[in-house]
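Student: structure.txt (compact mmCIF, C-alpha atoms) pasted underneath:
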```
# COMPACT_ATOMS: atom_id res chain seq x y z
CA MET A 1 -20.81 29.83 10.06
CA ILE A 2 -18.21 27.04 10.11
CA SER A 3 -17.83 25.00 6.92
CA VAL A 4 -16.51 21.46 7.27
CA VAL A 5 -13.93 20.54 4.64
CA SER A 6 -13.38 16.86 3.87
CA HIS A 7 -10.85 15.08 1.68
CA ILE A 8 -12.60 12.40 -0.36
CA ALA A 9 -12.21 10.26 -3.46
CA VAL A 10 -14.74 10.06 -6.26
CA LEU A 11 -15.10 7.11 -8.61
CA THR A 12 -16.88 7.74 -11.91
CA GLY A 13 -17.62 4.73 -14.07
CA ASP A 14 -19.27 3.66 -17.28
CA LEU A 15 -20.17 0.12 -18.35
CA VAL A 16 -17.89 -1.27 -21.05
CA GLY A 17 -19.71 -2.23 -24.24
CA SER A 18 -23.11 -1.38 -22.81
CA THR A 19 -24.64 -0.98 -26.27
CA GLY A 20 -24.07 -4.69 -26.81
CA LEU A 21 -25.83 -5.65 -23.58
CA SER A 22 -29.54 -6.35 -23.28
CA PRO A 23 -31.64 -4.23 -20.89
CA ALA A 24 -31.77 -7.21 -18.54
CA GLU A 25 -27.97 -7.51 -18.59
CA VAL A 26 -27.53 -3.79 -17.90
CA THR A 27 -29.89 -4.14 -14.94
CA GLN A 28 -27.92 -7.16 -13.73
CA ALA A 29 -24.67 -5.20 -13.94
CA PHE A 30 -26.07 -2.22 -12.06
CA ASP A 31 -27.56 -4.45 -9.37
CA ALA A 32 -24.06 -5.87 -8.82
CA LEU A 33 -22.57 -2.36 -8.59
CA ILE A 34 -25.28 -1.20 -6.17
CA ASP A 35 -24.78 -4.24 -3.93
CA CYS A 36 -21.02 -3.66 -3.96
CA ALA A 37 -21.50 0.00 -3.00
CA ALA A 38 -23.72 -1.03 -0.09
CA MET A 39 -21.05 -3.50 1.08
CA GLN A 40 -18.37 -0.82 0.91
CA ALA A 41 -20.33 1.53 3.19
CA ASP A 42 -18.85 -0.45 6.09
CA TRP A 43 -15.33 0.26 4.77
CA HIS A 44 -15.87 4.00 4.78
CA GLY A 45 -18.23 4.42 7.70
CA ALA A 46 -20.67 6.27 5.45
CA PRO A 47 -22.91 5.58 2.44
CA LEU A 48 -21.22 5.90 -0.94
CA HIS A 49 -24.34 7.57 -2.43
CA PHE A 50 -24.23 5.37 -5.53
CA THR A 51 -25.70 7.46 -8.33
CA ARG A 52 -26.48 6.38 -11.85
CA GLN A 53 -25.69 9.00 -14.45
CA ARG A 54 -25.39 9.57 -18.18
CA GLY A 55 -27.26 6.43 -19.21
CA ASP A 56 -24.91 3.60 -18.28
CA GLY A 57 -22.60 5.69 -16.10
CA TRP A 58 -22.33 5.75 -12.33
CA GLN A 59 -20.55 7.61 -9.55
CA VAL A 60 -19.71 7.12 -5.87
CA ALA A 61 -18.00 9.24 -3.20
CA LEU A 62 -15.55 7.60 -0.79
CA ALA A 63 -14.96 8.96 2.71
CA ARG A 64 -11.62 7.12 2.94
CA PRO A 65 -9.69 8.02 -0.24
CA ALA A 66 -6.80 5.70 0.70
CA LEU A 67 -9.14 2.83 -0.21
CA ALA A 68 -10.00 4.19 -3.66
CA LEU A 69 -8.06 1.66 -5.76
CA ARG A 70 -9.27 -1.19 -3.54
CA SER A 71 -12.81 0.09 -4.08
CA ALA A 72 -12.38 0.20 -7.87
CA LEU A 73 -11.09 -3.38 -7.90
CA ALA A 74 -14.03 -4.48 -5.78
CA PHE A 75 -16.49 -2.95 -8.25
CA ARG A 76 -14.72 -4.75 -11.10
CA ALA A 77 -14.78 -8.04 -9.19
CA ALA A 78 -18.49 -7.63 -8.43
CA LEU A 79 -19.21 -7.13 -12.13
CA ARG A 80 -17.03 -10.05 -13.22
CA CYS A 81 -18.79 -12.34 -10.74
CA GLU A 82 -21.92 -11.83 -12.83
CA GLY A 83 -20.22 -12.87 -16.06
CA GLY A 84 -16.98 -12.40 -17.94
CA GLU A 85 -18.55 -9.90 -20.34
CA PHE A 86 -19.28 -7.33 -17.60
CA ASP A 87 -16.75 -4.59 -16.88
CA SER A 88 -16.59 -0.85 -16.26
CA TYR A 89 -14.30 2.04 -17.05
CA ILE A 90 -13.45 3.78 -13.77
CA SER A 91 -11.86 7.18 -13.16
CA ILE A 92 -10.59 7.88 -9.64
CA ALA A 93 -9.96 11.40 -8.34
CA GLU A 94 -9.13 12.83 -4.92
CA GLY A 95 -9.96 16.27 -3.66
CA GLU A 96 -11.69 18.42 -1.06
CA VAL A 97 -15.37 19.14 -0.59
CA THR A 98 -17.01 21.65 1.73
CA GLY A 99 -20.08 20.63 3.68
CA ALA A 100 -22.24 17.54 3.43
CA ILE A 101 -22.57 15.45 0.28
CA GLY A 102 -26.15 14.80 -0.80
CA PRO A 103 -27.56 11.43 -1.88
CA ASP A 104 -27.74 12.46 -5.57
CA LEU A 105 -24.19 13.00 -6.77
CA ASN A 106 -25.47 14.48 -10.02
CA ALA A 107 -26.04 17.64 -7.98
CA GLU A 108 -22.43 17.86 -6.76
CA THR A 109 -20.19 20.45 -8.44
CA ALA A 110 -16.96 20.36 -6.39
CA ALA A 111 -13.73 20.12 -8.41
CA VAL A 112 -13.12 16.50 -7.39
CA PHE A 113 -16.41 15.40 -8.97
CA VAL A 114 -15.60 17.31 -12.16
CA ALA A 115 -12.07 15.86 -12.27
CA SER A 116 -13.33 12.32 -11.87
CA GLY A 117 -15.92 12.75 -14.62
CA ASP A 118 -13.48 14.44 -16.98
CA GLY A 119 -10.92 11.71 -16.27
CA LEU A 120 -13.43 9.14 -17.43
CA ASP A 121 -14.11 11.04 -20.66
CA ILE A 122 -10.37 11.33 -21.38
CA LEU A 123 -9.80 7.65 -20.58
CA LYS A 124 -12.50 6.50 -22.99
CA LEU A 125 -11.33 8.89 -25.69
CA LEU A 126 -7.58 8.21 -25.60
CA SER A 127 -7.04 4.67 -24.34
CA LEU A 128 -7.60 1.43 -26.22
CA SER A 129 -6.46 -0.82 -23.40
CA GLU A 130 -6.68 0.96 -20.02
CA ARG A 131 -9.99 0.96 -18.21
CA VAL A 132 -9.07 2.43 -14.83
CA VAL A 133 -7.26 5.74 -14.26
CA TYR A 134 -6.22 7.72 -11.16
CA VAL A 135 -6.27 11.51 -11.67
CA ASP A 136 -6.20 14.56 -9.41
CA ASP A 137 -7.98 17.91 -9.60
CA ALA A 138 -5.49 18.97 -12.29
CA TYR A 139 -6.19 15.83 -14.36
CA ASP A 140 -2.61 14.65 -13.78
CA GLU A 141 -2.28 11.07 -15.03
CA GLY A 142 1.45 10.90 -14.35
CA ALA A 143 1.20 10.64 -10.57
CA PRO A 144 2.62 7.57 -8.77
CA LEU A 145 -0.86 6.35 -7.79
CA ASN A 146 -1.82 6.18 -11.44
CA ALA A 147 1.26 4.07 -12.18
CA VAL A 148 0.07 1.50 -9.64
CA THR A 149 -3.46 1.79 -10.99
CA VAL A 150 -2.34 1.02 -14.55
CA LEU A 151 -0.70 -2.20 -13.38
CA ALA A 152 -3.62 -3.20 -11.15
CA ASP A 153 -5.97 -2.54 -14.06
CA HIS A 154 -3.88 -4.73 -16.36
CA ILE A 155 -3.87 -7.60 -13.87
CA SER A 156 -7.57 -7.42 -13.04
CA GLN A 157 -8.80 -7.08 -16.63
CA GLY A 158 -8.07 -10.78 -17.04
CA TRP A 159 -10.17 -11.95 -14.09
CA THR A 160 -12.56 -14.78 -14.84
CA PRO A 161 -15.88 -15.00 -12.94
CA ALA A 162 -14.38 -17.70 -10.70
CA GLN A 163 -11.29 -15.59 -9.94
CA ALA A 164 -13.43 -12.50 -9.27
CA ALA A 165 -15.69 -14.45 -6.90
CA ALA A 166 -12.64 -15.73 -5.02
CA ILE A 167 -10.90 -12.36 -4.69
CA LEU A 168 -13.90 -10.17 -3.81
CA PRO A 169 -14.12 -11.25 -0.13
CA PHE A 170 -10.38 -10.67 0.24
CA LEU A 171 -10.65 -7.07 -0.94
CA THR A 172 -12.45 -6.07 2.25
CA PRO A 173 -9.94 -4.03 4.30
CA GLY A 174 -8.84 -5.32 7.68
CA ASP A 175 -8.30 -8.89 8.75
CA GLU A 176 -8.12 -11.36 5.87
CA PRO A 177 -10.99 -13.86 5.77
CA SER A 178 -10.42 -17.55 6.26
CA TYR A 179 -9.68 -19.41 3.03
CA THR A 180 -11.78 -22.29 4.33
CA GLU A 181 -14.79 -20.05 5.04
CA VAL A 182 -14.58 -18.41 1.61
CA ALA A 183 -14.28 -21.81 -0.05
CA LYS A 184 -17.35 -23.04 1.82
CA ALA A 185 -19.36 -19.94 0.86
CA LEU A 186 -18.44 -20.41 -2.81
CA GLY A 187 -19.01 -24.15 -2.77
CA LYS A 188 -15.40 -24.73 -3.78
CA SER A 189 -12.43 -26.54 -2.29
CA ARG A 190 -9.83 -24.57 -0.36
CA GLN A 191 -7.30 -25.59 -3.00
CA ALA A 192 -9.51 -24.21 -5.78
CA VAL A 193 -9.84 -20.85 -3.98
CA THR A 194 -6.08 -20.66 -3.44
CA LYS A 195 -5.46 -21.45 -7.10
CA ALA A 196 -7.99 -18.82 -8.22
CA LEU A 197 -6.44 -16.15 -5.97
CA ASP A 198 -2.96 -16.87 -7.30
CA ALA A 199 -4.21 -16.71 -10.89
CA ALA A 200 -5.99 -13.41 -10.13
CA GLY A 201 -2.73 -11.86 -8.92
CA TYR A 202 -4.02 -11.46 -5.38
CA PRO A 203 -0.67 -11.79 -3.55
CA ALA A 204 0.86 -8.90 -5.55
CA LEU A 205 -2.30 -6.79 -5.44
CA LYS A 206 -2.56 -7.31 -1.67
CA ARG A 207 0.96 -5.97 -1.13
CA ALA A 208 0.40 -3.04 -3.47
CA LEU A 209 -2.86 -2.03 -1.79
CA HIS A 210 -1.38 -2.31 1.69
CA SER A 211 1.58 -0.17 0.61
CA ILE A 212 -0.72 2.56 -0.76
CA GLU A 213 -2.93 2.54 2.32
CA GLU A 214 -0.11 2.49 4.85
CA THR A 215 1.57 5.41 3.09
CA ALA A 216 -1.68 7.40 3.06
CA ASN A 217 -2.34 6.68 6.73
CA GLY A 218 1.26 7.33 7.76
```
Rewrite the structure of this file - the entire thing - as structure tokens.
Tutor:
Amino acid sequence: MISVVSHIAVLTGDLVGSTGLSPAEVTQAFDALIDCAAMQADWHGAPLHFTRQRGDGWQVALARPALALRSALAFRAALRCEGGEFDSYISIAEGEVTGAIGPDLNAETAAVFVASGDGLDILKLLSLSERVVYVDDAYDEGAPLNAVTVLADHISQGWTPAQAAAILPFLTPGDEPSYTEVAKALGKSRQAVTKALDAAGYPALKRALHSIEETANG
């Protein structure tokens, strides 16, 4: 029997301040996350198997780990589009899995799933300011990817709903969308979209993400 080994990334998240949200708000936040996961299936060429876990927690598996930080930022943007009070802790881990991944990630036991979940627990326990972390199977938070993640997290924590709505379409990998088309879809002027993207740190984030992805693919 031949076992297929794949290198993936796993994102494990937990809503920030969920105890202060109403049941309707929690549902709204999860609907945004689910819709974002469905959108990202096109990025990875496979479903992310979005799975809710541990009350207000969630987890996805990414077939293209080079896009992991981009994916995390997209989930944050999707939440912020719903309101400035919505956010999520996110732990990113990369590793290998053998065989197919089922639709319920709660049943997965590979080291990468454990590392991602444990990374989230450590993040929530030790950090007062960081909300996104990049770890590996050994729970190493000192890797270069985590250094970039810390900075991207710091920039994106300040996104307003308008900035998040502007940047979300631009986080799709590949050809950049037209500023005019995005402005029309949002009911904003092209100038307003450009201003929102600059305020959201998009030019710097774009270069950082491209650098990560080109290095991974090279």
Student: Using only C-alpha atoms, determine which residues lie at most 8 Å from Val148 of chain A, disregarding the query and same-chain residues fewer than 4 positions distant; provide the list as a count of residues only.
Tutor: 3
Student: What is the distance, in Å and to one decimal place, between atom CA of Ala111 of chain A and atom CA of Tyr89 of chain A?
Tutor: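 Computed distance, atom CA of Ala111 of chain A to atom CA of Tyr89 of chain A, equals 20.0 Å.
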Student: Would you list the contacts of Ala61 of chain A as number ranges by chain, taking every protein, DNA or RNA residue within 8 Å and counting all atoms listed in the file, but skipping same-chain residues closer than 6 positions in sequence?
Tutor: A: 8-11, 48-50
Student: Rounded to one decimal place, report the atom CA of Tyr202 of chain A-atom CA of Ile167 of chain A distance in Å.
Tutor: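 One can read the atom CA of Tyr202 of chain A to atom CA of Ile167 of chain A distance as 7.0 Å.
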Student: Let me make sure I understand: among A:Asp153, A:Glu82, A:Asp56, A:Asp42, which one has the smallest atom-to-atom distance to Ala165 of chain A if we use all atoms listed in the file?
Tutor: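 The closest residue to Ala165 of chain A is A:Glu82.
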